[in-house]
Structures are given as structure tokens and as C-alpha cells.
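final36.txt, holding compact mmCIF, C-alpha atoms:
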# COMPACT_ATOMS: atom_id res chain seq x y z
CA MET A 66 20.42 -26.43 -22.28
CA THR A 67 21.08 -24.01 -19.42
CA THR A 68 18.18 -21.78 -18.46
CA ARG A 69 19.33 -18.32 -17.49
CA ALA A 70 16.89 -15.98 -15.82
CA HIS A 71 17.31 -12.21 -15.79
CA PRO A 72 20.00 -11.47 -13.17
CA LEU A 73 17.62 -9.25 -11.22
CA TYR A 74 15.34 -12.21 -10.54
CA ALA A 75 17.73 -15.15 -10.58
CA THR A 76 18.82 -14.63 -6.98
CA MET A 77 15.87 -12.58 -5.71
CA LYS A 78 14.32 -13.85 -2.47
CA PRO A 79 10.55 -14.09 -1.90
CA THR A 80 8.89 -10.94 -0.61
CA ILE A 81 8.76 -10.58 3.16
CA PHE A 82 4.97 -10.94 2.92
CA GLU A 83 5.19 -14.28 1.10
CA HIS A 84 7.93 -15.45 3.45
CA MET A 85 6.10 -14.63 6.68
CA SER A 86 2.72 -15.89 5.44
CA GLY A 87 4.40 -19.14 4.41
CA LEU A 88 5.87 -19.50 7.91
CA ALA A 89 2.46 -18.73 9.40
CA ARG A 90 0.93 -21.60 7.43
CA THR A 91 3.77 -23.96 8.29
CA HIS A 92 3.54 -23.23 12.03
CA ASP A 93 -0.25 -22.75 12.17
CA ALA A 94 0.39 -19.25 13.48
CA ILE A 95 -1.93 -16.25 13.80
CA ASN A 96 -1.11 -14.17 10.74
CA LEU A 97 -0.83 -10.48 11.61
CA GLY A 98 1.80 -10.08 8.91
CA GLN A 99 0.19 -9.92 5.48
CA GLY A 100 -2.44 -7.21 5.44
CA PHE A 101 -5.98 -8.29 4.73
CA PRO A 102 -9.24 -8.10 6.71
CA ASP A 103 -10.65 -11.31 8.12
CA GLU A 104 -14.30 -10.25 8.18
CA PRO A 105 -16.62 -11.57 5.43
CA PRO A 106 -16.87 -9.39 2.32
CA HIS A 107 -19.70 -6.86 2.33
CA PRO A 108 -22.73 -8.62 0.80
CA ASP A 109 -23.40 -5.60 -1.44
CA MET A 110 -20.10 -6.16 -3.24
CA ILE A 111 -20.52 -9.92 -3.60
CA ALA A 112 -24.05 -9.44 -4.93
CA ALA A 113 -22.82 -6.86 -7.44
CA ALA A 114 -20.09 -9.18 -8.72
CA ALA A 115 -22.46 -12.17 -8.95
CA ARG A 116 -25.02 -10.08 -10.77
CA ALA A 117 -22.39 -8.88 -13.24
CA LEU A 118 -21.22 -12.46 -13.89
CA ALA A 119 -24.79 -13.47 -14.72
CA GLU A 120 -25.96 -10.39 -16.59
CA LYS A 121 -22.93 -8.63 -18.11
CA SER A 122 -20.32 -9.63 -20.68
CA ASN A 123 -17.62 -12.08 -19.60
CA GLN A 124 -15.43 -11.37 -22.62
CA TYR A 125 -12.49 -8.99 -22.96
CA PRO A 126 -13.36 -5.52 -21.70
CA PRO A 127 -11.61 -2.46 -23.19
CA ALA A 128 -7.90 -2.42 -22.40
CA PHE A 129 -8.16 0.92 -20.59
CA GLY A 130 -11.08 -0.33 -18.47
CA LEU A 131 -14.86 -0.31 -18.64
CA PRO A 132 -16.08 3.25 -19.34
CA GLU A 133 -18.58 2.82 -16.51
CA LEU A 134 -15.81 2.10 -14.00
CA ARG A 135 -13.62 4.92 -15.27
CA ASP A 136 -16.57 7.29 -14.87
CA ALA A 137 -17.33 5.92 -11.40
CA ILE A 138 -13.73 6.53 -10.30
CA CYS A 139 -13.99 10.14 -11.47
CA LYS A 140 -17.25 10.68 -9.59
CA PHE A 141 -15.83 9.04 -6.45
CA TYR A 142 -12.80 11.34 -6.42
CA ALA A 143 -14.88 14.41 -7.21
CA ARG A 144 -17.16 13.66 -4.26
CA ARG A 145 -14.56 12.59 -1.73
CA GLN A 146 -11.41 14.52 -2.73
CA GLY A 147 -12.60 17.41 -4.88
CA LEU A 148 -10.66 16.24 -7.95
CA THR A 149 -11.91 17.11 -11.43
CA LEU A 150 -11.26 14.11 -13.69
CA THR A 151 -12.76 12.60 -16.82
CA ARG A 152 -12.57 9.01 -18.00
CA GLU A 153 -9.63 10.05 -20.23
CA HIS A 154 -7.64 10.55 -17.00
CA VAL A 155 -8.20 6.95 -15.82
CA ILE A 156 -6.66 3.58 -16.74
CA VAL A 157 -7.98 0.46 -14.97
CA THR A 158 -5.32 -2.07 -13.96
CA SER A 159 -5.14 -5.49 -12.35
CA GLY A 160 -4.33 -4.17 -8.91
CA ALA A 161 -2.16 -1.32 -7.71
CA THR A 162 1.08 -3.29 -8.08
CA GLU A 163 0.41 -3.59 -11.80
CA ALA A 164 -0.43 0.12 -11.88
CA LEU A 165 2.94 0.85 -10.26
CA ALA A 166 4.71 -1.34 -12.81
CA ALA A 167 2.98 0.39 -15.73
CA ALA A 168 3.79 3.85 -14.34
CA ILE A 169 7.44 3.01 -13.74
CA LEU A 170 7.90 1.36 -17.14
CA ALA A 171 6.26 4.34 -18.85
CA LEU A 172 8.22 7.03 -17.00
CA VAL A 173 11.62 5.56 -16.13
CA GLY A 174 14.35 4.92 -18.65
CA PRO A 175 17.91 3.59 -18.42
CA GLY A 176 19.98 5.69 -16.05
CA ASP A 177 17.08 7.72 -14.69
CA GLU A 178 17.23 8.28 -10.95
CA VAL A 179 14.06 7.66 -8.92
CA ILE A 180 13.56 9.02 -5.39
CA LEU A 181 12.16 6.41 -2.98
CA PHE A 182 11.20 7.24 0.60
CA GLN A 183 12.04 4.40 2.98
CA PRO A 184 10.38 2.31 4.35
CA ALA A 185 8.73 1.45 1.05
CA TYR A 186 6.53 -1.16 -0.55
CA ASP A 187 8.97 -3.77 -1.72
CA SER A 188 8.04 -3.68 -5.42
CA TYR A 189 9.31 -0.13 -5.95
CA ALA A 190 13.07 -0.67 -6.16
CA PRO A 191 12.99 -3.91 -8.24
CA MET A 192 10.61 -2.32 -10.77
CA VAL A 193 12.77 0.79 -11.06
CA GLN A 194 15.80 -1.44 -11.65
CA ARG A 195 13.91 -3.54 -14.19
CA ALA A 196 13.14 -0.36 -16.13
CA GLY A 197 16.86 0.45 -16.09
CA GLY A 198 16.50 3.17 -13.50
CA ILE A 199 18.51 3.85 -10.36
CA PRO A 200 16.67 3.85 -7.00
CA VAL A 201 17.79 6.68 -4.70
CA SER A 202 16.60 6.08 -1.16
CA ILE A 203 15.74 8.65 1.50
CA ALA A 204 15.25 7.12 4.94
CA LEU A 205 12.41 8.37 7.12
CA SER A 206 12.72 8.03 10.89
CA PRO A 207 10.30 6.72 13.52
CA PRO A 208 8.17 7.51 15.35
CA ASP A 209 6.74 10.26 13.09
CA TRP A 210 8.33 9.32 9.72
CA ARG A 211 8.29 12.97 8.55
CA TYR A 212 9.49 14.21 5.15
CA ASP A 213 12.49 16.54 5.32
CA ALA A 214 12.99 19.23 2.67
CA GLY A 215 16.76 19.30 3.14
CA GLY A 216 17.14 15.56 2.77
CA LEU A 217 14.97 15.50 -0.33
CA ALA A 218 16.77 18.43 -1.98
CA ALA A 219 20.16 16.83 -1.28
CA ALA A 220 19.12 13.59 -3.02
CA ILE A 221 18.18 15.28 -6.30
CA THR A 222 20.73 15.40 -9.14
CA PRO A 223 20.51 16.31 -12.84
CA GLY A 224 19.65 12.65 -13.44
CA THR A 225 16.57 12.59 -11.19
CA ARG A 226 13.39 12.05 -13.18
CA VAL A 227 10.74 10.55 -10.88
CA LEU A 228 9.71 10.61 -7.21
CA ILE A 229 7.52 7.90 -5.69
CA LEU A 230 5.34 8.98 -2.78
CA ASN A 231 3.29 6.48 -0.75
CA ASP A 232 0.70 8.48 1.20
CA PRO A 233 -0.74 7.26 3.55
CA LEU A 234 2.52 5.46 4.24
CA ASN A 235 2.66 1.69 4.58
CA PRO A 236 4.03 0.27 6.88
CA ALA A 237 4.11 3.29 9.18
CA GLY A 238 0.41 4.17 9.01
CA THR A 239 1.23 7.90 8.90
CA VAL A 240 -0.02 10.63 6.55
CA ALA A 241 1.78 13.58 4.99
CA SER A 242 0.85 17.02 6.29
CA GLU A 243 -0.34 19.84 4.03
CA ALA A 244 3.05 21.50 4.50
CA GLU A 245 4.91 18.34 3.50
CA LEU A 246 2.77 17.87 0.39
CA ALA A 247 3.37 21.50 -0.60
CA MET A 248 7.12 21.06 -0.08
CA ILE A 249 7.25 17.88 -2.17
CA ALA A 250 5.17 19.50 -4.94
CA ASP A 251 7.43 22.57 -4.98
CA ILE A 252 10.52 20.41 -5.41
CA CYS A 253 8.85 18.36 -8.18
CA VAL A 254 7.94 21.54 -10.07
CA ARG A 255 11.33 23.22 -9.61
CA HIS A 256 13.23 20.12 -10.75
CA ASP A 257 10.71 19.03 -13.42
CA LEU A 258 10.01 15.66 -11.81
CA PHE A 259 7.14 13.25 -12.31
CA ALA A 260 5.52 12.00 -9.11
CA ILE A 261 4.09 8.48 -8.89
CA CYS A 262 1.62 8.75 -6.02
CA ASP A 263 0.78 5.41 -4.43
CA GLU A 264 -2.42 6.40 -2.64
CA VAL A 265 -4.00 2.99 -2.16
CA TRP A 266 -4.72 3.71 1.54
CA GLU A 267 -6.51 6.98 0.73
CA ASP A 268 -9.87 5.74 2.05
CA VAL A 269 -8.48 3.82 5.04
CA ARG A 270 -7.81 6.97 7.07
CA PHE A 271 -9.03 7.57 10.60
CA ASP A 272 -9.64 10.37 13.09
CA GLY A 273 -11.63 12.50 10.64
CA THR A 274 -8.73 13.68 8.51
CA PRO A 275 -9.67 13.65 4.81
CA HIS A 276 -7.25 12.53 2.11
CA ARG A 277 -5.41 15.14 0.05
CA SER A 278 -3.82 13.87 -3.14
CA LEU A 279 -0.48 15.29 -4.27
CA MET A 280 -2.16 15.55 -7.67
CA SER A 281 -4.39 18.33 -6.28
CA VAL A 282 -1.49 20.52 -5.12
CA PRO A 283 -0.77 23.47 -7.46
CA GLY A 284 1.63 22.56 -10.25
CA MET A 285 1.09 18.79 -9.96
CA ALA A 286 -1.91 18.07 -12.21
CA GLU A 287 0.26 17.51 -15.29
CA ARG A 288 3.12 15.68 -13.58
CA ALA A 289 1.41 13.40 -11.01
CA VAL A 290 0.24 9.81 -11.48
CA LYS A 291 -2.32 8.87 -8.83
CA ILE A 292 -2.73 5.15 -8.05
CA GLY A 293 -5.79 3.71 -6.31
CA SER A 294 -6.98 0.28 -5.24
CA ALA A 295 -10.45 -1.20 -4.90
CA GLY A 296 -8.86 -3.93 -2.79
CA LYS A 297 -8.02 -1.42 -0.06
CA ILE A 298 -11.15 0.75 -0.42
CA PHE A 299 -13.49 -2.26 -0.05
CA GLY A 300 -11.27 -4.63 1.94
CA LEU A 301 -11.27 -7.09 -0.98
CA THR A 302 -7.56 -7.57 -1.57
CA GLY A 303 -7.97 -10.63 -3.79
CA TRP A 304 -10.02 -8.78 -6.39
CA LYS A 305 -6.89 -7.06 -7.73
CA ALA A 306 -8.72 -4.13 -9.29
CA GLY A 307 -6.76 -0.89 -9.33
CA TRP A 308 -6.26 2.19 -11.47
CA LEU A 309 -4.01 4.99 -12.59
CA CYS A 310 -5.13 8.63 -12.86
CA ALA A 311 -3.10 11.20 -14.81
CA ALA A 312 -3.47 14.03 -17.30
CA PRO A 313 -5.01 12.52 -20.48
CA ALA A 314 -1.88 12.52 -22.66
CA LEU A 315 0.16 10.98 -19.85
CA ALA A 316 -2.64 8.51 -19.04
CA THR A 317 -2.58 7.29 -22.64
CA ALA A 318 1.15 6.57 -22.38
CA LEU A 319 0.59 4.76 -19.08
CA GLY A 320 -2.18 2.75 -20.75
CA ARG A 321 0.18 1.64 -23.49
CA ALA A 322 2.54 0.21 -20.87
CA HIS A 323 -0.42 -1.42 -19.10
CA GLN A 324 -1.68 -3.14 -22.26
CA PHE A 325 1.49 -5.22 -22.44
CA LEU A 326 1.33 -6.25 -18.79
CA THR A 327 -2.14 -7.60 -18.00
CA PHE A 328 -4.09 -5.94 -20.87
CA THR A 329 -7.43 -6.16 -19.02
CA THR A 330 -8.98 -6.80 -15.60
CA PRO A 331 -11.94 -9.21 -15.05
CA PRO A 332 -15.06 -7.39 -16.25
CA ALA A 333 -17.42 -8.65 -13.52
CA LEU A 334 -15.14 -7.19 -10.85
CA GLN A 335 -14.95 -3.93 -12.77
CA TRP A 336 -18.76 -3.72 -12.88
CA ALA A 337 -18.96 -4.50 -9.16
CA VAL A 338 -16.35 -1.89 -8.22
CA ALA A 339 -18.15 0.71 -10.34
CA GLU A 340 -21.36 -0.03 -8.46
CA GLY A 341 -19.56 -0.01 -5.11
CA LEU A 342 -17.88 3.36 -5.67
CA ASP A 343 -21.33 4.87 -6.08
CA HIS A 344 -22.37 3.92 -2.53
CA PRO A 345 -23.13 6.91 -0.27
CA ASP A 346 -20.48 8.24 2.07
CA ALA A 347 -22.25 6.66 5.05
CA TRP A 348 -21.60 3.21 3.57
CA PHE A 349 -17.86 3.84 3.54
CA ALA A 350 -17.95 5.50 6.96
CA ALA A 351 -19.45 2.37 8.52
CA GLN A 352 -16.68 0.27 7.04
CA ARG A 353 -13.99 2.61 8.36
CA GLU A 354 -15.60 2.64 11.80
CA GLY A 355 -15.24 -1.13 11.96
CA TRP A 356 -11.56 -0.93 11.07
CA ALA A 357 -11.04 1.93 13.54
CA ALA A 358 -12.56 -0.21 16.30
CA SER A 359 -10.11 -3.00 15.47
CA ARG A 360 -7.26 -0.49 15.55
CA ALA A 361 -8.29 0.66 19.02
CA HIS A 362 -8.71 -2.95 20.17
CA LEU A 363 -5.18 -3.96 19.16
CA ARG A 364 -3.60 -0.75 20.44
CA ASP A 365 -5.28 -1.07 23.83
CA ALA A 366 -4.32 -4.74 24.13
CA LEU A 367 -0.69 -4.04 23.21
CA GLU A 368 -0.37 -1.09 25.57
CA MET A 369 -1.99 -3.08 28.38
CA GLU A 370 0.86 -5.58 28.02
CA GLY A 371 3.51 -2.86 28.00
CA PHE A 372 4.27 -2.67 24.29
CA VAL A 373 5.07 0.80 22.93
CA VAL A 374 2.81 1.53 19.95
CA LEU A 375 3.77 4.16 17.37
CA PRO A 376 1.25 6.80 16.16
CA ASN A 377 -1.16 5.66 13.45
CA ALA A 378 -3.58 7.62 11.27
CA ALA A 379 -4.26 5.24 8.38
CA THR A 380 -3.87 1.72 6.89
CA TRP A 381 -4.67 -1.60 8.60
CA PHE A 382 -1.38 -1.63 10.55
CA LEU A 383 0.08 -0.67 13.89
CA CYS A 384 3.80 -0.60 14.53
CA ILE A 385 5.47 -1.34 17.84
CA ASP A 386 8.89 -0.18 19.00
CA LEU A 387 10.63 -3.34 20.16
CA ALA A 388 13.52 -1.59 21.90
CA ALA A 389 11.20 0.72 23.84
CA SER A 390 9.10 -2.34 24.71
CA GLY A 391 12.05 -4.00 26.43
CA ILE A 392 13.01 -6.37 23.58
CA ALA A 393 16.67 -6.43 22.61
CA LEU A 394 16.26 -8.51 19.43
CA SER A 395 16.21 -6.91 16.00
CA ASP A 396 12.83 -6.78 14.31
CA ARG A 397 13.85 -9.46 11.82
CA GLU A 398 15.09 -11.84 14.51
CA PHE A 399 12.06 -11.22 16.70
CA SER A 400 9.68 -11.75 13.79
CA GLU A 401 11.35 -14.99 12.68
CA ARG A 402 11.38 -16.39 16.21
CA ALA A 403 7.89 -15.20 17.14
CA VAL A 404 6.21 -16.99 14.25
CA ARG A 405 7.98 -20.24 15.15
CA GLU A 406 8.03 -20.03 18.95
CA ALA A 407 4.97 -17.90 19.76
CA GLY A 408 2.73 -18.69 16.81
CA VAL A 409 2.30 -15.06 15.64
CA ALA A 410 3.38 -13.78 12.24
CA SER A 411 4.38 -10.13 11.81
CA ILE A 412 6.39 -7.97 9.42
CA PRO A 413 9.82 -6.58 10.37
CA VAL A 414 9.86 -3.04 9.03
CA SER A 415 13.59 -3.28 8.28
CA ALA A 416 12.65 -5.67 5.45
CA LEU A 417 10.97 -2.71 3.74
CA PHE A 418 14.13 -0.60 3.74
CA GLU A 419 16.76 -0.43 1.00
CA GLY A 420 20.07 -0.03 2.81
CA ASN A 421 20.28 1.21 6.37
CA GLY A 422 17.20 1.84 8.47
CA PRO A 423 15.79 1.19 11.93
CA ARG A 424 15.97 -2.42 13.07
CA HIS A 425 13.54 -2.25 16.00
CA ILE A 426 10.10 -1.60 14.45
CA LEU A 427 7.52 -4.38 13.96
CA ARG A 428 4.30 -4.12 11.90
CA LEU A 429 1.08 -5.87 12.93
CA CYS A 430 -2.20 -6.01 10.99
CA PHE A 431 -5.23 -5.09 13.14
CA ALA A 432 -8.03 -5.84 10.63
CA LYS A 433 -8.82 -9.10 12.43
CA ASP A 434 -11.32 -10.55 14.88
CA GLY A 435 -11.01 -9.19 18.42
CA ALA A 436 -10.51 -12.59 20.00
CA MET A 437 -7.74 -13.33 17.51
CA LEU A 438 -6.03 -10.03 18.32
CA ASP A 439 -6.24 -10.74 22.06
CA GLU A 440 -4.72 -14.18 21.61
CA ALA A 441 -1.95 -12.80 19.42
CA VAL A 442 -1.04 -10.13 21.98
CA ALA A 443 -1.07 -12.68 24.81
CA ARG A 444 1.30 -14.89 22.84
CA LEU A 445 3.63 -11.99 22.01
CA ALA A 446 3.71 -10.87 25.65
CA ALA A 447 4.50 -14.39 26.84
CA PHE A 448 7.25 -14.64 24.22
CA ARG A 449 8.72 -11.31 25.36
CA ASP A 450 8.72 -12.53 28.96
CA LYS A 451 10.45 -15.71 27.86
CA LEU A 452 13.16 -13.66 26.12
CA ARG A 453 13.68 -11.62 29.27
CA SER A 454 14.05 -14.74 31.37
CA GLU A 455 16.67 -16.07 28.96
CA ASN A 456 18.75 -12.99 29.65

Write the structure described by the file as C-alpha cells, please.
Amino acid sequence: MTTRAHPLYATMKPTIFEHMSGLARTHDAINLGQGFPDEPPHPDMIAAAARALAEKSNQYPPAFGLPELRDAICKFYARRQGLTLTREHVIVTSGATEALAAAILALVGPGDEVILFQPAYDSYAPMVQRAGGIPVSIALSPPDWRYDAGGLAAAITPGTRVLILNDPLNPAGTVASEAELAMIADICVRHDLFAICDEVWEDVRFDGTPHRSLMSVPGMAERAVKIGSAGKIFGLTGWKAGWLCAAPALATALGRAHQFLTFTTPPALQWAVAEGLDHPDAWFAAQREGWAASRAHLRDALEMEGFVVLPNAATWFLCIDLAASGIALSDREFSERAVREAGVASIPVSALFEGNGPRHILRLCFAKDGAMLDEAVARLAAFRDKLRSEN
């Protein structure tokens, strides 16, 4: 008997994150590719999860999430972003990637066009295609990666149904301005589009600029799906606890798609996240200050060695301009060689583009120990010097 997989997956390659992390393990390299913090988890969160395992139910929680967590998410967003939500707005998912899948499956049908800004998280286009939709890509340009009203308007046709906005933007580490959010909202309202808002980096923002959700912009409350991630908020990426927020009727439809994906998320982690979201703002500020210090550490080390670092306002990532740093290789070639020859794993940003895009931008994760960052930069600088000597 011949086993035939769906054609979308039969020839699909591993994600760039899996590929580069695999190479990092093979070559015992410093992994600045896949984004996760290296510091130990906050003891408050581990204690909350352990306490829930011992004292709470370990059986199936409600499919839409524990009411206590749904309420905690509403209170968190009311306090930190001024959003007015009830538990009927919230569906708990097994991570933000599952939330994205549920939103796309619920909103995208065969032939529907979906606007994707590039670079983009690499699950967007395959999930749109799996739902029968057609990805329509709009390329953003370094170093600022700004959203252009003309380019967006030109991409919209009578078949456009959904727009996916990742703000703050991974891998660029940039945030949309108030004017850009207003422009995107205006176009969504005028063309009757749903917006899937991947806002997982909403609480990993620096320099004192608060997060503004597209959902809060006039006209968007009924047409926006807001996606959040406890993994990013608490630096616990392996917990895979995420959520969707939308107007109640829309949230119910999203929940129906979710129930046939993972159905539920581990209850102990839900209890722990609910407890964690109730921490005072100072608790979260201390966590962000630690990440901000790591950002400054890596930026200073890179610039000291002559690498050109792009602006960053959010996420755990800095990007460097290889061409401006005196490196003639493409980002993909540099990344592949650096992990093997220099012992440092990174992410070539071109791997997060559908179609044409810049081929000279490299992403590095800074949420690591300072000594590790220093060693990684020293290795990259030595590798760059070796490339120059070869020429």
C-alpha cells in the first residue's frame, strides 16, 4: 500500500527554527537562532504550577479554557492595555500557533485571499493554504519595516477576506506606530476585512512604549482576533499556553475550530498562568528590565566588533545588516556556514519571506547569558574576518 500525504506537507521542509536548532545540536554551537530565554524560570511560576498539580484537578478542563484563566486574561488586558473584555471574549489554546491555526480555519475558506506582511512567522502561509485560502504577501523593507498604505491598498481585491498583523513584528523587533494602526484599521473597515492580530510580543516591549492592540482602534472590536501567549509574557516557551480574544459570537466560532485541534490545554499550566497574570506591574517590569539589559549587552558587543545593528523596540531579537557589516554572503549562506564553521546558530530573515525579500538580514536572540553572548559575538567576528581574508 502506498501512503500518500497531503501534497502541502509531502514535500514541505522543516521550519528554519527546527533546521538551525538541529544544526546547533549537531555542531555543539551557541544557539542564538531559536528564541527562548536561558535564565531559570521565575520561581513564582514554577511554584504555582506545582501547587496546581498537587491541589487542583488534573482531568479535562473546559474546552474554552478554565474560567479563572479567561477572567485573569481579561483583567490583565484591562490593567495593561485598557481593553474591556469578558470571559466570553476569550478562548484558551495550546500556544499561539494553535490559536493562529484555529483563527485561520474559522475565518478563511477556499479561494479567500489573506494579506500577509513579510517577513512573517512561517506558519501563516501554510495554514492559509491548508484552509484553502490564497496568501497575498506584502514585503516590508529594512531597516524600519514600515507599513505602507499604498502597498496595502494595492494588494486588496474583491476576494480579500482576512489580514494578518504581527505587532510587535518578529523577526524585525519593530512596533507599528499609532498612525500605521489607524491606517490598517481604516482599510479593514472600508473593505470589510477580519484582522488576525498576532500580538504575542505585546509584553516584551522596551523603551517605555506601551502596547496598543489593533482591536482597540475604532471599528475593530467586532472584526479583530487578538492572539496572546503566556510563553512570551513569562519567558516559558515550553508551556504552550496561549489564547484568542474576539467579540463573543466570533470567539465562539473560533472555539469550535479550536475544539477539533487540541481541545484543551493542561489545567495545571492554566491555573499557574492565571495566578501569574495577576502579579503586579512591578513584577513584569523587573522581568523586562532583565531582557532589556541583555538586549543592550548584545547590541554593544556587536557594535564594538563593527556589526551594523538594526533598530529594535520589542521581542528577544536583534537583527544585523550583513552587507553594511562588510559581509558579502547572503543571510542564508552566512547562517549555514556560521553554525558549522563558527559554532553560532542564527536565523536568516530571508527564510521568513514568501517570495522576494532582502537577503542580507540576520536575526540573533539576545535572551541569553552575557558570557554566552560575548563568546558568540567573538566567534562571529572571527568568522567575518576569515571570510574577508578568503577574498

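Taking all atoms listed in the file into account, those protein, DNA and RNA residues with any atom at most 10 Å away from (-9.9, 10.3, 13.5) amount to A:Arg270, A:Phe271, A:Asp272, A:Gly273, A:Thr274, A:Pro275, A:Glu354, A:Ala357, A:Asn377, A:Ala378, A:Ala379.
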
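From CA of Ile156 (chain A) back to CA of Pro313 (chain A), the distance works out to 9.8 Å.
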
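With only C-alpha atoms as the atoms that count, the minimum distance from Gly391 (chain A) to the choices A:Arg449, A:Arg364, A:His84, A:Arg424 is reached by A:Arg449.
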
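Here CA of Ser395 (chain A) is placed at a distance of 25.0 Å from CA of Asn231 (chain A).
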
Shortest contact to Phe259 (chain A), candidates A:Glu370, A:Asp93, A:Asp450, A:Asp177, atoms counted only C-alpha atoms, goes to A:Asp177

Could you add whatever atoms are missing so that region 175-187 of chain A carries N, CA, C and O atoms, then write the result as a PDB file, in the coordinates of the input?
ATOM      1  N   PRO A 175      16.568   3.954 -18.886  1.00  0.00           N
ATOM      2  CA  PRO A 175      17.910   3.590 -18.420  1.00  0.00           C
ATOM      3  C   PRO A 175      18.675   4.802 -17.888  1.00  0.00           C
ATOM      4  O   PRO A 175      18.769   5.841 -18.543  1.00  0.00           O
ATOM      5  N   GLY A 176      19.184   4.639 -16.675  1.00  0.00           N
ATOM      6  CA  GLY A 176      19.980   5.690 -16.050  1.00  0.00           C
ATOM      7  C   GLY A 176      19.202   6.739 -15.300  1.00  0.00           C
ATOM      8  O   GLY A 176      19.798   7.565 -14.586  1.00  0.00           O
ATOM      9  N   ASP A 177      17.881   6.740 -15.428  1.00  0.00           N
ATOM     10  CA  ASP A 177      17.080   7.720 -14.690  1.00  0.00           C
ATOM     11  C   ASP A 177      17.110   7.420 -13.192  1.00  0.00           C
ATOM     12  O   ASP A 177      16.965   6.261 -12.784  1.00  0.00           O
ATOM     13  N   GLU A 178      17.255   8.450 -12.392  1.00  0.00           N
ATOM     14  CA  GLU A 178      17.230   8.280 -10.950  1.00  0.00           C
ATOM     15  C   GLU A 178      15.798   8.484 -10.433  1.00  0.00           C
ATOM     16  O   GLU A 178      15.074   9.368 -10.903  1.00  0.00           O
ATOM     17  N   VAL A 179      15.407   7.636  -9.467  1.00  0.00           N
ATOM     18  CA  VAL A 179      14.060   7.660  -8.920  1.00  0.00           C
ATOM     19  C   VAL A 179      14.149   7.768  -7.402  1.00  0.00           C
ATOM     20  O   VAL A 179      14.756   6.904  -6.752  1.00  0.00           O
ATOM     21  N   ILE A 180      13.550   8.810  -6.837  1.00  0.00           N
ATOM     22  CA  ILE A 180      13.560   9.020  -5.390  1.00  0.00           C
ATOM     23  C   ILE A 180      12.551   8.072  -4.749  1.00  0.00           C
ATOM     24  O   ILE A 180      11.374   8.041  -5.113  1.00  0.00           O
ATOM     25  N   LEU A 181      13.017   7.297  -3.761  1.00  0.00           N
ATOM     26  CA  LEU A 181      12.160   6.410  -2.980  1.00  0.00           C
ATOM     27  C   LEU A 181      12.299   6.780  -1.505  1.00  0.00           C
ATOM     28  O   LEU A 181      13.418   6.837  -0.984  1.00  0.00           O
ATOM     29  N   PHE A 182      11.174   7.032  -0.845  1.00  0.00           N
ATOM     30  CA  PHE A 182      11.200   7.240   0.600  1.00  0.00           C
ATOM     31  C   PHE A 182      11.119   5.884   1.275  1.00  0.00           C
ATOM     32  O   PHE A 182      10.289   5.052   0.928  1.00  0.00           O
ATOM     33  N   GLN A 183      11.982   5.671   2.277  1.00  0.00           N
ATOM     34  CA  GLN A 183      12.040   4.400   2.980  1.00  0.00           C
ATOM     35  C   GLN A 183      11.495   4.565   4.403  1.00  0.00           C
ATOM     36  O   GLN A 183      11.798   5.584   5.036  1.00  0.00           O
ATOM     37  N   PRO A 184      10.682   3.626   4.917  1.00  0.00           N
ATOM     38  CA  PRO A 184      10.380   2.310   4.350  1.00  0.00           C
ATOM     39  C   PRO A 184       9.441   2.432   3.151  1.00  0.00           C
ATOM     40  O   PRO A 184       8.696   3.403   3.029  1.00  0.00           O
ATOM     41  N   ALA A 185       9.491   1.400   2.285  1.00  0.00           N
ATOM     42  CA  ALA A 185       8.730   1.450   1.050  1.00  0.00           C
ATOM     43  C   ALA A 185       8.199   0.077   0.692  1.00  0.00           C
ATOM     44  O   ALA A 185       8.803  -0.948   1.025  1.00  0.00           O
ATOM     45  N   TYR A 186       7.068   0.080   0.014  1.00  0.00           N
ATOM     46  CA  TYR A 186       6.530  -1.160  -0.550  1.00  0.00           C
ATOM     47  C   TYR A 186       7.614  -1.833  -1.372  1.00  0.00           C
ATOM     48  O   TYR A 186       8.311  -1.182  -2.151  1.00  0.00           O
ATOM     49  N   ASP A 187       7.771  -3.124  -1.204  1.00  0.00           N
ATOM     50  CA  ASP A 187       8.970  -3.770  -1.720  1.00  0.00           C
ATOM     51  C   ASP A 187       8.990  -4.009  -3.224  1.00  0.00           C
ATOM     52  O   ASP A 187       9.952  -4.567  -3.747  1.00  0.00           O
TER      53      ASP A 187
END
